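One file, query_10.tsv, carrying TSV, C-alpha atoms and all ligand atoms:
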```tsv
chain	number	residue	atom	x	y	z
M	861	MET	CA	-5.99	16.27	-3.67
M	862	ARG	CA	-6.79	12.59	-4.13
M	863	LEU	CA	-5.75	9.43	-2.31
M	864	LEU	CA	-5.03	5.99	-3.74
M	865	PHE	CA	-5.68	2.82	-1.72
M	866	PHE	CA	-4.43	-0.69	-2.39
M	867	ALA	CA	-3.33	-3.89	-0.62
M	868	GLY	CA	-0.27	-6.09	-1.04
M	869	SER	CA	-2.49	-9.13	-1.58
M	870	THR	CA	-4.59	-10.27	-4.52
M	871	ARG	CA	-6.37	-12.96	-2.49
M	872	GLU	CA	-10.13	-12.93	-2.95
M	873	GLY	CA	-10.95	-12.73	0.78
M	874	SER	CA	-7.84	-10.74	1.69
M	875	TYR	CA	-8.00	-9.03	5.10
M	876	ASN	CA	-5.69	-6.36	3.75
M	877	LYS	CA	-7.99	-5.66	0.83
M	878	THR	CA	-10.79	-5.35	3.39
M	879	LEU	CA	-8.62	-2.92	5.38
M	880	ALA	CA	-7.77	-0.87	2.26
M	881	ARG	CA	-11.47	-0.81	1.30
M	882	LEU	CA	-12.44	0.39	4.77
M	883	ALA	CA	-9.76	3.10	4.71
M	884	GLN	CA	-11.09	4.27	1.34
M	885	HIS	CA	-14.65	4.34	2.71
M	886	ILE	CA	-13.46	6.39	5.69
M	887	ALA	CA	-11.84	8.86	3.28
M	888	THR	CA	-14.98	9.17	1.18
M	889	ALA	CA	-17.17	9.56	4.28
M	890	ASN	CA	-14.94	12.46	5.34
M	891	GLY	CA	-15.12	14.27	2.02
M	892	ILE	CA	-11.71	13.07	0.83
M	893	GLU	CA	-11.56	11.75	-2.72
M	894	GLY	CA	-10.15	8.24	-2.65
M	895	VAL	CA	-9.85	5.44	-5.17
M	896	LEU	CA	-9.32	1.74	-4.38
M	897	VAL	CA	-7.38	-0.44	-6.83
M	898	ASP	CA	-6.48	-4.15	-6.83
M	899	LEU	CA	-2.96	-5.31	-7.72
M	900	ARG	CA	-4.70	-8.17	-9.51
M	901	ASP	CA	-5.22	-5.65	-12.32
M	902	TYR	CA	-1.46	-4.97	-12.47
M	903	PRO	CA	0.15	-8.42	-12.86
M	904	MET	CA	3.91	-8.28	-13.37
M	905	PRO	CA	6.47	-11.06	-13.77
M	906	LEU	CA	8.95	-11.54	-10.93
M	907	TYR	CA	11.76	-9.02	-11.48
M	908	ASN	CA	14.61	-10.48	-13.49
M	909	GLY	CA	17.49	-8.43	-14.84
M	910	ASP	CA	17.76	-10.47	-18.03
M	911	LEU	CA	14.07	-10.02	-18.73
M	912	GLU	CA	14.42	-6.29	-18.17
M	913	ALA	CA	17.48	-6.12	-20.47
M	914	GLU	CA	15.57	-7.93	-23.22
M	915	GLN	CA	12.13	-6.39	-22.93
M	916	GLY	CA	12.34	-3.44	-20.55
M	917	PRO	CA	9.90	-3.06	-17.66
M	918	PRO	CA	6.47	-4.62	-18.20
M	919	GLN	CA	3.65	-2.42	-19.49
M	920	LYS	CA	1.75	-2.99	-16.23
M	921	ALA	CA	4.63	-1.42	-14.26
M	922	ALA	CA	4.42	1.68	-16.44
M	923	GLU	CA	0.65	1.72	-15.96
M	924	PHE	CA	0.95	1.38	-12.21
M	925	LYS	CA	3.54	4.13	-12.04
M	926	ALA	CA	1.25	6.40	-14.08
M	927	LEU	CA	-1.56	5.55	-11.67
M	928	LEU	CA	0.56	6.46	-8.62
M	929	ALA	CA	1.45	9.75	-10.28
M	930	GLU	CA	-2.22	10.76	-10.33
M	931	TYR	CA	-2.52	10.71	-6.52
M	932	GLN	CA	-0.82	12.91	-3.93
M	933	GLY	CA	-1.28	10.37	-1.12
M	934	VAL	CA	-1.10	6.57	-1.17
M	935	PHE	CA	-2.41	4.13	1.45
M	936	ILE	CA	-0.93	0.62	1.40
M	937	ALA	CA	-2.41	-2.27	3.40
M	938	SER	CA	0.47	-4.68	3.80
M	939	PRO	CA	0.09	-8.38	4.71
M	940	GLU	CA	2.89	-10.14	6.59
M	941	TYR	CA	4.70	-13.14	5.11
M	942	ASN	CA	7.45	-14.57	7.33
M	943	SER	CA	7.91	-11.28	9.14
M	944	SER	CA	8.11	-9.20	5.99
M	945	VAL	CA	6.14	-7.79	3.07
M	946	THR	CA	4.63	-10.00	0.37
M	947	PRO	CA	6.71	-10.71	-2.74
M	948	LEU	CA	3.81	-9.21	-4.71
M	949	LEU	CA	4.15	-5.84	-2.99
M	950	LYS	CA	7.96	-5.75	-3.13
M	951	ASN	CA	7.97	-6.80	-6.79
M	952	THR	CA	5.48	-4.07	-7.66
M	953	ILE	CA	7.51	-1.41	-5.81
M	954	ASP	CA	10.72	-2.68	-7.46
M	955	TRP	CA	9.39	-2.75	-11.04
M	956	VAL	CA	8.00	0.78	-10.71
M	957	THR	CA	11.52	2.04	-9.90
M	958	ARG	CA	12.70	0.56	-13.21
M	959	VAL	CA	10.28	2.61	-15.31
M	960	ARG	CA	12.52	5.55	-16.06
M	961	ALA	CA	12.49	8.36	-18.57
M	962	LYS	CA	15.89	9.61	-19.69
M	963	GLY	CA	17.74	11.31	-16.81
M	964	GLU	CA	15.39	9.95	-14.15
M	965	THR	CA	16.45	7.79	-11.21
M	966	GLY	CA	13.12	5.96	-11.12
M	967	LEU	CA	12.43	7.12	-7.56
M	968	GLU	CA	10.75	10.42	-8.51
M	969	VAL	CA	7.23	9.05	-8.26
M	970	TYR	CA	7.90	7.86	-4.70
M	971	LYS	CA	9.69	11.00	-3.56
M	972	SER	CA	6.96	13.34	-4.77
M	973	ARG	CA	3.98	11.97	-2.83
M	974	VAL	CA	3.22	10.81	0.69
M	975	PHE	CA	2.43	7.30	1.94
M	976	ALA	CA	0.53	5.76	4.83
M	977	ILE	CA	0.92	2.09	5.70
M	978	SER	CA	-1.18	-0.31	7.75
M	979	GLY	CA	-1.50	-4.05	7.87
M	980	ALA	CA	-3.80	-6.88	8.94
M	981	SER	CA	-2.97	-10.41	9.97
M	982	PRO	CA	-4.77	-13.25	11.71
M	983	GLY	CA	-1.71	-13.46	13.97
M	984	TYR	CA	-0.98	-11.70	17.24
M	985	TYR	CA	1.34	-8.98	15.88
M	986	GLY	CA	-1.08	-7.67	13.26
M	987	ALA	CA	1.53	-7.49	10.46
M	988	MET	CA	3.65	-5.10	12.54
M	989	ARG	CA	6.91	-6.63	11.29
M	990	SER	CA	5.74	-6.27	7.72
M	991	LEU	CA	5.09	-2.59	8.41
M	992	LEU	CA	8.58	-2.11	9.84
M	993	ASN	CA	10.03	-3.62	6.67
M	994	LEU	CA	7.73	-1.67	4.38
M	995	ARG	CA	8.59	1.60	6.12
M	996	GLN	CA	12.28	0.86	5.51
M	997	ILE	CA	11.69	-0.02	1.86
M	998	LEU	CA	9.67	3.14	1.24
M	999	GLU	CA	11.72	5.61	3.27
M	1000	VAL	CA	15.26	4.28	2.94
M	1001	GLY	CA	14.86	2.34	-0.30
M	1002	VAL	CA	12.88	4.65	-2.53
M	1003	GLY	CA	13.03	7.94	-0.65
M	1004	ALA	CA	9.33	8.25	0.12
M	1005	THR	CA	7.77	10.13	3.01
M	1006	VAL	CA	5.69	7.81	5.21
M	1007	ILE	CA	3.50	9.32	7.92
M	1008	PRO	CA	4.14	7.94	11.44
M	1009	GLN	CA	0.51	6.97	12.09
M	1010	GLN	CA	-0.27	3.35	11.20
M	1011	LEU	CA	-2.62	0.55	12.21
M	1012	ALA	CA	-1.35	-3.00	12.81
M	1013	LEU	CA	-4.51	-5.08	13.03
M	1014	PRO	CA	-4.15	-8.44	14.83
M	1015	ARG	CA	-6.67	-11.31	14.66
M	1016	ALA	CA	-7.93	-9.91	11.39
M	1017	ASN	CA	-10.06	-13.01	10.81
M	1018	ASP	CA	-12.37	-11.77	13.57
M	1019	ALA	CA	-11.79	-8.00	13.37
M	1020	PHE	CA	-14.34	-6.88	10.78
M	1021	ASP	CA	-18.11	-6.76	11.12
M	1022	GLU	CA	-20.45	-7.64	8.24
M	1023	ALA	CA	-20.40	-4.08	6.91
M	1024	GLY	CA	-16.59	-4.21	6.70
M	1025	SER	CA	-15.99	-1.84	9.62
M	1026	LEU	CA	-13.77	-2.70	12.56
M	1027	LYS	CA	-15.61	-4.20	15.52
M	1028	ASP	CA	-13.17	-2.56	17.94
M	1029	LYS	CA	-14.03	1.14	18.01
M	1030	ALA	CA	-10.52	2.10	19.16
M	1031	GLN	CA	-9.07	0.40	16.07
M	1032	GLN	CA	-11.65	2.09	13.84
M	1033	THR	CA	-10.63	5.45	15.34
M	1034	LEU	CA	-6.95	4.66	14.76
M	1035	LEU	CA	-7.61	3.90	11.09
M	1036	LYS	CA	-9.62	7.11	10.73
M	1037	ASP	CA	-6.66	9.00	12.19
M	1038	VAL	CA	-4.29	7.36	9.69
M	1039	VAL	CA	-6.51	8.39	6.76
M	1040	GLU	CA	-7.01	11.94	8.05
M	1041	LYS	CA	-3.29	12.45	8.70
M	1042	LEU	CA	-2.51	11.07	5.23
M	1043	ALA	CA	-4.94	13.54	3.67
M	1044	ILE	CA	-3.41	16.46	5.60
M	1045	ALA	CA	0.12	15.45	4.56
M	1046	ALA	CA	-0.94	14.85	0.95
M	1047	LYS	CA	-2.49	18.34	0.77
M	1048	ARG	CA	0.80	19.77	1.99
M	1049	PHE	CA	2.68	17.76	-0.65
M	1050	ALA	CA	0.25	18.89	-3.34
M	1051	GLY	CA	1.14	22.46	-2.38
G	1101	LIG	C1	4.13	-17.64	3.20
G	1101	LIG	C2	3.32	-17.06	4.32
G	1101	LIG	C3	3.96	-16.58	5.42
G	1101	LIG	C4	3.24	-16.00	6.47
G	1101	LIG	N1	3.90	-15.46	7.52
G	1101	LIG	C5	3.22	-14.73	8.45
G	1101	LIG	C6	3.90	-13.98	9.44
G	1101	LIG	O1	5.11	-13.94	9.52
G	1101	LIG	N2	3.16	-13.28	10.33
G	1101	LIG	C7	1.79	-13.25	10.28
G	1101	LIG	O2	1.17	-12.59	11.10
G	1101	LIG	N3	1.10	-13.95	9.34
G	1101	LIG	C8	1.78	-14.69	8.42
G	1101	LIG	N4	1.12	-15.37	7.44
G	1101	LIG	C9	-0.34	-15.40	7.46
G	1101	LIG	C10	-0.92	-14.19	6.73
G	1101	LIG	O3	-0.96	-13.10	7.61
G	1101	LIG	C11	-2.33	-14.53	6.23
G	1101	LIG	O4	-2.24	-15.51	5.22
G	1101	LIG	C12	-3.08	-13.31	5.74
G	1101	LIG	O5	-4.42	-13.69	5.52
G	1101	LIG	C13	-2.46	-12.74	4.46
G	1101	LIG	O6	-3.03	-11.49	4.15
G	1101	LIG	P1	-4.33	-11.32	3.24
G	1101	LIG	O7	-5.49	-11.84	4.05
G	1101	LIG	O8	-4.43	-9.84	3.02
G	1101	LIG	O9	-4.14	-12.10	1.96
G	1101	LIG	C14	1.82	-15.96	6.39
G	1101	LIG	C15	1.18	-16.49	5.26
G	1101	LIG	C16	1.91	-17.02	4.24
G	1101	LIG	C17	1.19	-17.54	3.00
```

Just give me the structure as structure tokens.
Amino acid sequence: MRLLFFAGSTREGSYNKTLARLAQHIATANGIEGVLVDLRDYPMPLYNGDLEAEQGPPQKAAEFKALLAEYQGVFIASPEYNSSVTPLLKNTIDWVTRVRAKGETGLEVYKSRVFAISGASPGYYGAMRSLLNLRQILEVGVGATVIPQQLALPRANDAFDEAGSLKDKAQQTLLKDVVEKLAIAAKRFAG
């Protein structure tokens, strides 16, 4: 059983990348195999139906879908833009659904693994509204299972210490719980 970690931001100093990195470290420290990837390595054009009709889904969407398929559990750190998910994250989720073999709906890769979501924001709500939207996209939109445990991290600009851990021990414990519950659910999914 292996877990994949990524953030819905490609920004160099992204708080959500820091959160995804910390979650991956927590997994590794607890004997859970986890890999961190950066969406910067999977650039895709903004979805456009004409583009898809002419060229099909981009190669990077196929690559990202193949990557997802290698992991039984996926952790997403989701930033909040105007109360919702980033266009980058939504576009990536959307394109992956368009990579379809004959007879497939495109949702198989989402339905057959388990997700955990968390988010970080310098604001007061800690990306909570982004998480509500992301949960809807994943569960209602693409049929994924998302575990109930999640961390919404407010004031992210002052939340991490120099080692990349959370200064607030209660928040660190919450994130550990998210990772552990994801691993348990992923093992169940893996059968
Ligand atoms: C277009 C835009 C809209 C934003 N809207 C929100 C918002 O609704 N709520 C919030 O907490 N932060 C909002 N922010 C601030 C982001 O949380 C902040 O830029 C954060 O650092 C982005 O995540 P990252 O650090 O992982 O890149 C917004 C930022 C941008 C660029």

**Prompt:** Residues around (-1.4, 5.8, 8.8), cut-off 7 Å, counting only C-alpha atoms - what are they as an MDAnalysis selection string?
**Reply:** chainID M and resid 976:978 1007:1011 1035 1038:1039 1041:1042

Which residues are close to Ser943 in chain M, i.e. within 7 Å by all atoms listed in the file, leaving aside same-chain residues fewer than 2 positions away? Reply as a PDB file with C-alpha atoms, in the frame of the given file.
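Full text of around-v3.pdb as output:
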```pdb
ATOM      1  CA  GLU M 940       2.890 -10.140   6.590  1.00  0.00           C
ATOM      2  CA  TYR M 941       4.700 -13.140   5.110  1.00  0.00           C
ATOM      3  CA  ARG M 989       6.910  -6.630  11.290  1.00  0.00           C
ATOM      4  CA  SER M 990       5.740  -6.270   7.720  1.00  0.00           C
TER       5      SER M 990
END
```

**Request:** Counting only C-alpha atoms and all ligand atoms, name the residues that have an atom within 7 Å of an atom of ligand LIG 1101 (chain G); the answer should be given as a ChimeraX atom specification.
**Result:** /M:868-871,873-877,939-944,980-987

**Request:** Can you work out which one of M:Asn908, M:Asn890, M:Thr957, M:Gln1032 has the shortest atom-to-atom distance to Ala922 in chain M, counting all atoms listed in the file?
**Result:** M:Thr957

**Asked** What lies within 12 Å of Phe975 in chain M using only C-alpha atoms, ignoring chain neighbours under 4 positions off, as a PyMOL selection string?
**Response** chain M and resi 863-866+928+931-937+969-971+994-995+997-999+1002-1010+1038-1039+1041-1046+1049

Neighbouring residues of Glu930 in chain M were defined as those with any atom within 12 Å, considering only C-alpha atoms; residues of the same chain fewer than 5 positions away were excluded. Please report them as a PDB file with C-alpha atoms, in the coordinates of the input.
```pdb
ATOM      1  CA  MET M 861      -5.990  16.270  -3.670  1.00  0.00           C
ATOM      2  CA  ARG M 862      -6.790  12.590  -4.130  1.00  0.00           C
ATOM      3  CA  LEU M 863      -5.750   9.430  -2.310  1.00  0.00           C
ATOM      4  CA  LEU M 864      -5.030   5.990  -3.740  1.00  0.00           C
ATOM      5  CA  GLY M 894     -10.150   8.240  -2.650  1.00  0.00           C
ATOM      6  CA  VAL M 895      -9.850   5.440  -5.170  1.00  0.00           C
ATOM      7  CA  GLU M 923       0.650   1.720 -15.960  1.00  0.00           C
ATOM      8  CA  PHE M 924       0.950   1.380 -12.210  1.00  0.00           C
ATOM      9  CA  LYS M 925       3.540   4.130 -12.040  1.00  0.00           C
ATOM     10  CA  VAL M 969       7.230   9.050  -8.260  1.00  0.00           C
ATOM     11  CA  TYR M 970       7.900   7.860  -4.700  1.00  0.00           C
ATOM     12  CA  SER M 972       6.960  13.340  -4.770  1.00  0.00           C
ATOM     13  CA  ARG M 973       3.980  11.970  -2.830  1.00  0.00           C
ATOM     14  CA  ALA M1050       0.250  18.890  -3.340  1.00  0.00           C
TER      15      ALA M1050
END
```

**Prompt:** Which one is closest to Ala961 in chain M: M:Asp1028, M:Leu1034, M:Pro903, M:Pro917? Count all atoms listed in the file.
**Reply:** M:Pro917

**Message:** To one decimal place in Å, what is the distance between CA of Gly979 in chain M and CA of Ala880 in chain M?
**Reply:**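 Taking CA of Gly979 in chain M and CA of Ala880 in chain M, their separation equals 9.0 Å.
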
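For the pair CA of Ser938 in chain M and CA of Ala867 in chain M, the interatomic distance is 5.9 Å.
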
**Request:** Could you check how far CA of Asp1018 in chain M sits from CA of Ala883 in chain M, in Å to one decimal?
**Result:**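 Between CA of Asp1018 in chain M and CA of Ala883 in chain M the gap is 17.5 Å.
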
Where is the centre and how long are the edges: axis-aligned box on range 1018-1036 of chain M, 6 Å on each side, Å to one decimal, as JSON:
```
{"center_x": -13.7, "center_y": -2.3, "center_z": 12.9, "size_x": 25.5, "size_y": 30.9, "size_z": 24.5}
```

**Request:** Would you mind telling me which residue in M:Leu911, M:Val974, M:Pro905, M:Gln996 lies nearest to Asn951 in chain M when using all atoms listed in the file?
**Result:** M:Pro905

**Prompt:** When distances are computed from only C-alpha atoms, which of M:Ala1016, M:Leu906, M:Val959, M:Ala1030 shows the smallest separation from Leu879 in chain M?
**Reply:** M:Ala1016

**Asked** Near Glu1022 in chain M, within 12 Å and counting only C-alpha atoms, which residues show up once chain neighbours fewer than 5 positions away are dropped, as a list in words?
**Response** Thr878, Leu882, Asn1017 and Lys1027 of chain M

**Item:** Counting all atoms listed in the file, the residue of M:Lys920, M:Lys1029, M:Arg1015, M:Arg900 that sits nearest Leu948 in chain M
**Value:** M:Arg900
